[in-house]
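This is protein.txt. It holds compact mmCIF, C-alpha atoms.
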```txt
# COMPACT_ATOMS: atom_id res chain seq x y z
CA MET A 1 67.37 -41.96 -172.95
CA SER A 2 64.60 -39.52 -172.08
CA SER A 3 67.13 -37.47 -170.11
CA ALA A 4 69.31 -37.30 -173.23
CA VAL A 5 66.33 -36.11 -175.22
CA THR A 6 65.54 -33.50 -172.61
CA LEU A 7 69.14 -32.36 -172.47
CA ASP A 8 69.15 -32.12 -176.24
CA ALA A 9 65.99 -30.01 -176.12
CA PHE A 10 67.52 -27.78 -173.47
CA LEU A 11 70.72 -27.27 -175.44
CA ARG A 12 68.74 -26.64 -178.60
CA GLU A 13 66.81 -23.94 -176.78
CA VAL A 14 69.82 -22.12 -175.37
CA GLU A 15 72.48 -22.61 -178.05
CA GLN A 16 71.75 -19.53 -180.14
CA ARG A 17 71.55 -17.16 -177.21
CA ALA A 18 74.72 -18.70 -175.80
CA TRP A 19 76.51 -18.19 -179.09
CA ARG A 20 75.40 -14.54 -179.19
CA GLN A 21 76.80 -14.03 -175.70
CA ALA A 22 80.09 -15.61 -176.66
CA TRP A 23 80.22 -13.71 -179.92
CA ILE A 24 79.60 -10.37 -178.25
CA ALA A 25 82.39 -11.10 -175.77
CA LEU A 26 84.91 -12.55 -178.21
CA ARG A 27 83.91 -10.97 -181.56
CA ASP A 28 85.09 -14.13 -183.28
CA GLU A 29 82.53 -16.43 -184.87
CA GLN A 30 84.61 -19.60 -184.68
CA ALA A 31 85.90 -18.96 -181.18
CA ALA A 32 82.31 -18.38 -180.05
CA LEU A 33 81.28 -21.70 -181.58
CA ASP A 34 84.14 -23.46 -179.80
CA VAL A 35 83.16 -21.88 -176.51
CA VAL A 36 79.52 -22.94 -176.83
CA GLN A 37 80.47 -26.49 -177.81
CA ASP A 38 82.87 -26.69 -174.92
CA ALA A 39 80.19 -25.50 -172.51
CA MET A 40 77.68 -27.98 -173.95
CA PHE A 41 80.18 -30.80 -173.63
CA LYS A 42 80.95 -29.94 -170.01
CA LEU A 43 77.26 -29.81 -169.15
CA ALA A 44 76.53 -33.08 -170.95
CA SER A 45 79.46 -34.96 -169.46
CA HIS A 46 79.33 -33.70 -165.88
CA TYR A 47 75.82 -32.52 -165.14
CA ALA A 48 73.47 -34.49 -167.38
CA ASP A 49 72.21 -36.42 -164.37
CA LYS A 50 71.32 -33.26 -162.44
CA PRO A 51 67.68 -32.17 -162.37
CA ALA A 52 66.70 -30.32 -165.53
CA THR A 53 65.69 -27.31 -163.46
CA GLU A 54 69.34 -26.81 -162.48
CA TRP A 55 70.66 -26.88 -166.04
CA PRO A 56 70.02 -23.23 -166.97
CA LEU A 57 72.13 -21.80 -164.16
CA LEU A 58 74.76 -24.52 -164.43
CA PHE A 59 75.05 -23.93 -168.15
CA GLN A 60 75.34 -20.18 -167.72
CA ARG A 61 78.03 -20.61 -165.12
CA ILE A 62 79.98 -23.00 -167.36
CA LEU A 63 79.50 -20.70 -170.34
CA GLN A 64 80.74 -17.61 -168.51
CA ASN A 65 83.81 -19.47 -167.23
CA THR A 66 84.54 -20.81 -170.69
CA ILE A 67 84.19 -17.35 -172.23
CA ARG A 68 86.57 -15.97 -169.62
CA ASP A 69 89.10 -18.71 -170.36
CA ALA A 70 88.84 -17.99 -174.08
CA GLN A 71 89.36 -14.27 -173.47
CA ARG A 72 92.42 -15.02 -171.36
CA ARG A 73 93.88 -17.24 -174.07
CA THR A 74 93.16 -14.62 -176.72
CA ARG A 75 94.83 -11.94 -174.64
CA VAL A 76 97.97 -14.05 -174.20
CA ARG A 77 98.02 -14.98 -177.90
CA ASN A 78 97.60 -11.36 -178.94
CA LEU A 79 100.40 -10.33 -176.61
CA TRP A 80 102.81 -12.82 -178.19
CA GLN A 81 101.65 -11.89 -181.67
CA THR A 82 102.22 -8.23 -180.95
CA LEU A 83 105.66 -8.94 -179.54
CA PHE A 84 106.92 -11.27 -182.21
CA SER A 85 104.93 -10.77 -185.37
CA ALA A 86 106.59 -8.56 -187.92
CA LEU A 87 103.14 -7.84 -189.29
CA GLY A 88 101.65 -6.85 -185.95
CA GLY A 89 100.97 -3.21 -186.55
CA GLY A 90 98.23 -2.68 -184.01
CA PRO A 91 94.89 -4.01 -182.84
CA GLN A 92 93.09 -5.91 -185.56
CA ASP A 93 89.36 -6.03 -186.04
CA THR A 94 88.00 -9.52 -186.56
CA ASP A 95 85.14 -8.06 -188.53
CA GLU A 96 85.02 -10.43 -191.48
CA SER A 97 81.37 -10.85 -192.29
CA ASP A 98 78.23 -10.27 -190.32
CA PRO A 99 77.31 -13.59 -188.70
CA LEU A 100 73.83 -12.31 -187.86
CA GLU A 101 70.66 -12.36 -189.86
CA TYR A 102 67.97 -9.83 -189.17
CA LEU A 103 64.47 -11.01 -188.61
CA PRO A 104 61.70 -9.99 -190.97
CA GLY A 105 60.48 -6.51 -190.18
CA ALA A 106 63.59 -5.75 -188.18
CA VAL A 107 64.93 -3.21 -190.62
CA ASP A 108 61.74 -1.45 -191.60
CA GLU A 109 61.66 2.28 -191.57
CA ARG A 110 58.68 2.81 -189.34
CA ALA A 111 59.01 5.99 -187.39
CA ASP A 112 57.69 4.66 -184.13
CA ALA A 113 59.66 5.05 -180.95
CA ALA A 114 61.41 1.69 -181.15
CA SER A 115 62.10 1.52 -184.84
CA TRP A 116 65.64 2.82 -184.62
CA LEU A 117 66.60 0.02 -182.31
CA ASN A 118 65.59 -2.52 -184.87
CA SER A 119 67.91 -1.47 -187.59
CA LYS A 120 71.03 -3.41 -188.45
CA GLN A 121 73.33 -0.51 -187.70
CA HIS A 122 71.92 0.00 -184.28
CA ILE A 123 72.11 -3.65 -183.37
CA ALA A 124 75.72 -3.61 -184.52
CA LEU A 125 76.31 -0.48 -182.43
CA ILE A 126 74.78 -2.04 -179.35
CA GLU A 127 76.94 -5.12 -179.78
CA ALA A 128 80.03 -3.00 -180.33
CA GLY A 129 79.15 -1.03 -177.20
CA LEU A 130 78.73 -4.23 -175.22
CA ALA A 131 82.09 -5.49 -176.47
CA ARG A 132 83.71 -2.32 -175.10
CA LEU A 133 82.34 -2.82 -171.61
CA PRO A 134 84.49 -4.32 -168.86
CA ALA A 135 84.00 -8.09 -168.80
CA ARG A 136 82.07 -8.22 -165.52
CA GLN A 137 79.70 -5.44 -166.57
CA ARG A 138 79.04 -7.13 -169.91
CA GLU A 139 78.51 -10.45 -168.17
CA ALA A 140 76.04 -8.93 -165.71
CA PHE A 141 74.19 -7.08 -168.47
CA LEU A 142 73.84 -10.12 -170.69
CA LEU A 143 72.77 -12.44 -167.91
CA ARG A 144 70.31 -9.97 -166.45
CA TYR A 145 68.71 -8.54 -169.58
CA TRP A 146 69.60 -10.90 -172.42
CA GLU A 147 69.11 -14.15 -170.51
CA GLU A 148 66.48 -12.51 -168.32
CA LEU A 149 67.82 -13.99 -165.09
CA ASP A 150 66.80 -12.25 -161.91
CA VAL A 151 69.36 -10.48 -159.72
CA ALA A 152 69.84 -13.46 -157.38
CA GLU A 153 70.32 -15.90 -160.25
CA THR A 154 72.76 -13.54 -161.96
CA ALA A 155 74.70 -13.25 -158.70
CA ALA A 156 74.78 -17.04 -158.37
CA VAL A 157 76.13 -17.45 -161.89
CA MET A 158 78.70 -14.69 -161.49
CA GLY A 159 79.72 -15.77 -158.01
CA CYS A 160 79.22 -12.36 -156.47
CA SER A 161 76.69 -10.52 -154.30
CA THR A 162 73.37 -9.19 -155.54
CA GLY A 163 74.62 -5.69 -154.76
CA SER A 164 77.54 -6.18 -157.12
CA VAL A 165 75.19 -7.37 -159.84
CA LYS A 166 73.05 -4.25 -159.46
CA THR A 167 76.15 -2.06 -159.59
CA HIS A 168 77.53 -3.82 -162.66
CA CYS A 169 74.17 -3.64 -164.45
CA SER A 170 73.64 0.00 -163.62
CA ARG A 171 77.13 0.98 -164.79
CA ALA A 172 76.78 -1.13 -167.92
CA CYS A 173 73.46 0.50 -168.86
CA HIS A 174 74.72 4.03 -168.23
CA THR A 175 77.97 3.43 -170.09
CA LEU A 176 76.12 1.88 -173.01
CA ALA A 177 73.56 4.66 -173.15
CA ALA A 178 76.30 7.30 -173.04
CA TRP A 179 78.32 5.53 -175.74
CA LEU A 180 75.28 5.15 -177.97
CA ARG A 181 74.52 8.84 -177.49
CA GLU A 182 78.08 9.65 -178.61
CA GLN A 183 77.40 7.60 -181.72
CA GLY A 184 74.35 9.72 -182.44
CA VAL A 185 71.77 7.31 -181.10
CA THR A 186 69.25 8.58 -178.60
CA LEU A 187 67.41 6.14 -176.43
CA MET B 1 66.99 9.18 -171.82
CA ASN B 2 67.83 10.53 -168.37
CA GLN B 3 64.45 9.53 -167.06
CA GLN B 4 64.97 5.89 -167.90
CA THR B 5 66.11 3.49 -165.23
CA PRO B 6 68.95 1.06 -165.92
CA ASP B 7 66.42 -1.76 -166.08
CA GLN B 8 64.44 0.06 -168.75
CA ILE B 9 67.56 0.77 -170.78
CA GLY B 10 68.72 -2.83 -170.44
CA ALA B 11 65.35 -4.26 -171.39
CA ARG B 12 65.13 -1.98 -174.40
CA LEU B 13 68.61 -2.75 -175.66
CA SER B 14 68.22 -6.49 -175.28
CA ALA B 15 64.86 -6.34 -177.03
CA ALA B 16 66.70 -4.74 -179.94
CA LEU B 17 69.37 -7.44 -179.83
CA ARG B 18 66.67 -10.08 -180.10
CA SER B 19 65.62 -8.80 -183.49
CA ALA B 20 68.63 -10.54 -184.98
CA GLN B 21 69.71 -14.14 -184.85
CA PRO B 22 72.76 -16.13 -185.95
CA GLN B 23 73.09 -16.82 -189.67
CA THR B 24 71.94 -20.18 -191.00
CA ARG B 25 75.53 -21.41 -191.25
CA VAL B 26 76.09 -20.59 -187.58
CA GLN B 27 72.86 -22.34 -186.64
CA ALA B 28 73.97 -25.44 -188.55
CA ALA B 29 77.37 -25.34 -186.83
CA LEU B 30 75.65 -25.00 -183.46
CA ALA B 31 73.42 -28.00 -184.18
CA GLN B 32 76.46 -30.04 -185.11
CA ALA B 33 78.30 -28.87 -182.01
CA ARG B 34 75.30 -29.89 -179.88
CA ARG B 35 75.22 -33.38 -181.37
CA GLN B 36 78.97 -33.83 -180.89
CA ALA B 37 78.82 -32.57 -177.33
CA GLN B 38 76.31 -35.27 -176.44
CA GLN B 39 78.05 -38.17 -178.14
CA PRO B 40 79.23 -40.79 -175.65
CA ALA B 41 82.07 -41.69 -178.03
CA VAL B 42 84.08 -38.82 -176.65
CA ALA B 43 84.08 -40.50 -173.27
CA ALA B 44 85.38 -43.75 -174.80
CA HIS B 45 88.84 -42.19 -175.05
CA GLY B 46 89.17 -42.39 -171.33
CA ALA B 47 87.39 -45.70 -170.83
CA VAL B 48 90.30 -47.26 -168.92
CA LEU B 49 90.80 -44.20 -166.75
CA SER B 50 87.05 -44.00 -166.10
CA TRP B 51 87.07 -47.65 -165.02
CA VAL B 52 90.03 -47.01 -162.73
CA GLY B 53 88.22 -43.97 -161.37
CA ARG B 54 85.21 -46.09 -160.51
CA HIS B 55 87.29 -48.97 -159.08
CA PRO B 56 90.35 -47.39 -157.47
CA LEU B 57 91.37 -50.49 -155.49
CA ALA B 58 91.12 -52.79 -158.48
CA GLY B 59 92.99 -50.19 -160.53
CA ALA B 60 95.79 -50.01 -157.98
CA ALA B 61 95.99 -53.83 -157.87
CA LEU B 62 96.13 -53.95 -161.65
CA MET B 63 98.93 -51.40 -161.77
CA LEU B 64 100.84 -53.26 -159.08
CA GLY B 65 100.42 -56.47 -161.05
CA LEU B 66 101.72 -54.84 -164.21
CA VAL B 67 104.75 -53.41 -162.41
CA LEU B 68 105.56 -56.75 -160.74
CA THR B 69 105.24 -58.56 -164.07
CA ALA B 70 107.60 -56.07 -165.69
CA VAL B 71 110.15 -56.43 -162.86
CA TRP B 72 109.93 -60.21 -162.96
CA TRP B 73 110.38 -60.20 -166.74
CA GLN B 74 113.42 -57.97 -166.43
CA GLN B 75 115.01 -60.37 -163.99
CA GLN B 76 114.41 -63.46 -166.10
CA THR B 77 117.73 -63.12 -167.95
CA PRO B 78 117.96 -66.84 -168.80
CA LEU B 79 114.68 -66.56 -170.69
CA ARG B 80 115.94 -63.73 -172.77
CA PRO B 81 118.54 -64.25 -175.50
CA ALA B 82 122.03 -64.46 -174.05
CA SER B 83 124.09 -61.35 -173.97
CA ASN B 84 125.23 -60.44 -177.44
CA LEU B 85 128.52 -59.00 -176.32
CA GLU B 86 130.61 -61.39 -178.36
CA LEU B 87 128.44 -60.96 -181.42
CA THR B 88 128.61 -57.21 -181.05
CA GLN B 89 132.37 -57.25 -180.75
CA GLN B 90 132.63 -59.47 -183.79
CA LEU B 91 130.36 -57.17 -185.77
CA VAL B 92 132.35 -54.09 -184.78
CA ASP B 93 135.57 -55.84 -185.76
CA GLU B 94 134.13 -56.75 -189.14
CA VAL B 95 132.93 -53.27 -189.81
CA LEU B 96 136.28 -51.80 -188.84
CA TYR B 97 138.07 -54.37 -190.92
CA ASP B 98 135.89 -53.63 -193.96
CA SER B 99 136.37 -49.92 -193.55
CA LEU B 100 140.15 -50.39 -193.50
CA ASP B 101 139.82 -52.48 -196.64
CA ASP B 102 138.13 -49.60 -198.41
CA VAL B 103 141.02 -47.33 -197.55
```
Show me, as structure tokens, the structure contained in the file I just sent.
Amino acid sequence: MSSAVTLDAFLREVEQRAWRQAWIALRDEQAALDVVQDAMFKLASHYADKPATEWPLLFQRILQNTIRDAQRRTRVRNLWQTLFSALGGGPQDTDESDPLEYLPGAVDERADAASWLNSKQHIALIEAGLARLPARQREAFLLRYWEELDVAETAAVMGCSTGSVKTHCSRACHTLAAWLREQGVTL
Amino acid sequence: MNQQTPDQIGARLSAALRSAQPQTRVQAALAQARRQAQQPAVAAHGAVLSWVGRHPLAGAALMLGLVLTAVWWQQQTPLRPASNLELTQQLVDEVLYDSLDDV
């Protein structure tokens, strides 16, 4: 019972960040929810008896695999839709409504060095930039900086070497910075 | 910007991302998803398969027993109703006869 409580506390702690990761990758609110629930279910049904210290990396690994599966399914679905739908006139944005809420003080107009980053538009731009990155770069960036895993942990989750993680992160940061600069945002 | 290392850029961008969080409706959906993910009821679907998974020998014996029972039952023709060939023929004849009557 106590393990269930602990697992519940763990999932409660990570669920929002996990959903943001999935949302950035998929840009679909409902699909991101499905992915997070699927990952939670897999953790709860297969790894609940593992030590709690192993859950964070296990969950991240499950989450990344589930996101990748969802992206693959979406790609195949989009291909068929493009081929067979009479309405399919090109890539469609799934930008229905903003599923994010901005924390108090996040959109103030203070002119300090970091204020620009805290505005809605810039957060949206950063997320759009992340969505444009190659999947592995985005994965590395989010694990390393968003989840704050160290290089070795990120490599373990991604199933690659630490060198690859560094390369992915470096490319992701430079690409993002360059893209933001093109959008008129200076870091 | 050029002076910043990738780690600095990454830390700065993710700090900006943290100044937003999912809407209340998303948070509620996540809480519901979390509860559902931990419900043991989902596992009840596969209770028989789980039992077989835990007891493979007993599961194999059970399956063998079921197959043997089915084979034995198939071969017990005297216990089943006798062949209805005559009844079937009679029924077909009647139907044909009636249909000719209609003509």
Report, in Å to a single decimal, how far apart CA of Ala18 in chain A and CA of Pro56 in chain A are.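 It comes out at 11.0 Å.
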Neighbour residues at most 12 Å from (76.7, -27.7, -184.0) (only C-alpha atoms) as number ranges by chain: A: 8, 11-12, 15-16, 19, 30, 32-38, 40-41; B: 24-38
Could you give me, as CSV, a per-residue list for chain B showing, wherever an atom lies at most 7 Å from an atom of chain A, the closest pair of atoms and their distance in Å to one decimal, using all atoms listed in the file and sorting by chain then residue number from low to high?
```
residue,atom,partner,partner_atom,distance
B:Met1,CA,A:Leu187,CA,5.5
B:Pro6,CA,A:Ser170,CA,5.3
B:Ile9,CA,A:Cys173,CA,6.2
B:Gly10,CA,A:Tyr145,CA,5.8
B:Ala11,CA,A:Tyr145,CA,5.7
B:Ser14,CA,A:Trp146,CA,5.4
B:Ala16,CA,A:Leu117,CA,5.3
B:Leu17,CA,A:Ile123,CA,5.9
B:Ser19,CA,A:Leu103,CA,5.7
B:Ala20,CA,A:Tyr102,CA,4.3
B:Gln21,CA,A:Glu101,CA,5.4
B:Pro22,CA,A:Leu100,CA,4.4
B:Gln23,CA,A:Leu100,CA,4.9
B:Leu30,CA,A:Glu15,CA,6.7
B:Ala33,CA,A:Gln37,CA,5.3
B:Arg34,CA,A:Gln37,CA,6.5
B:Ala37,CA,A:Phe41,CA,4.3
B:Gln38,CA,A:Ala44,CA,5.9
```
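Across the structure, CA of Arg75 in chain A and CA of Gln60 in chain A are spaced 22.3 Å apart.
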What gap, in Å, lies between CA of Gln21 in chain A and CA of Gln3 in chain B? 28.0 Å
Give me the residues within 9 Å of Ala25 in chain A as a CSV table (one decimal) with C-alpha atoms, in the coordinates of the input, counting all atoms listed in the file and dropping any in the same chain fewer than 2 places off.
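File selection_11.csv, as written:
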```
chain,number,residue,atom,x,y,z
A,20,ARG,CA,75.4,-14.5,-179.2
A,21,GLN,CA,76.8,-14.0,-175.7
A,22,ALA,CA,80.1,-15.6,-176.7
A,23,TRP,CA,80.2,-13.7,-179.9
A,27,ARG,CA,83.9,-11.0,-181.6
A,28,ASP,CA,85.1,-14.1,-183.3
A,32,ALA,CA,82.3,-18.4,-180.0
A,67,ILE,CA,84.2,-17.4,-172.2
A,68,ARG,CA,86.6,-16.0,-169.6
A,71,GLN,CA,89.4,-14.3,-173.5
A,130,LEU,CA,78.7,-4.2,-175.2
A,131,ALA,CA,82.1,-5.5,-176.5
A,132,ARG,CA,83.7,-2.3,-175.1
A,135,ALA,CA,84.0,-8.1,-168.8
A,138,ARG,CA,79.0,-7.1,-169.9
A,139,GLU,CA,78.5,-10.4,-168.2
```
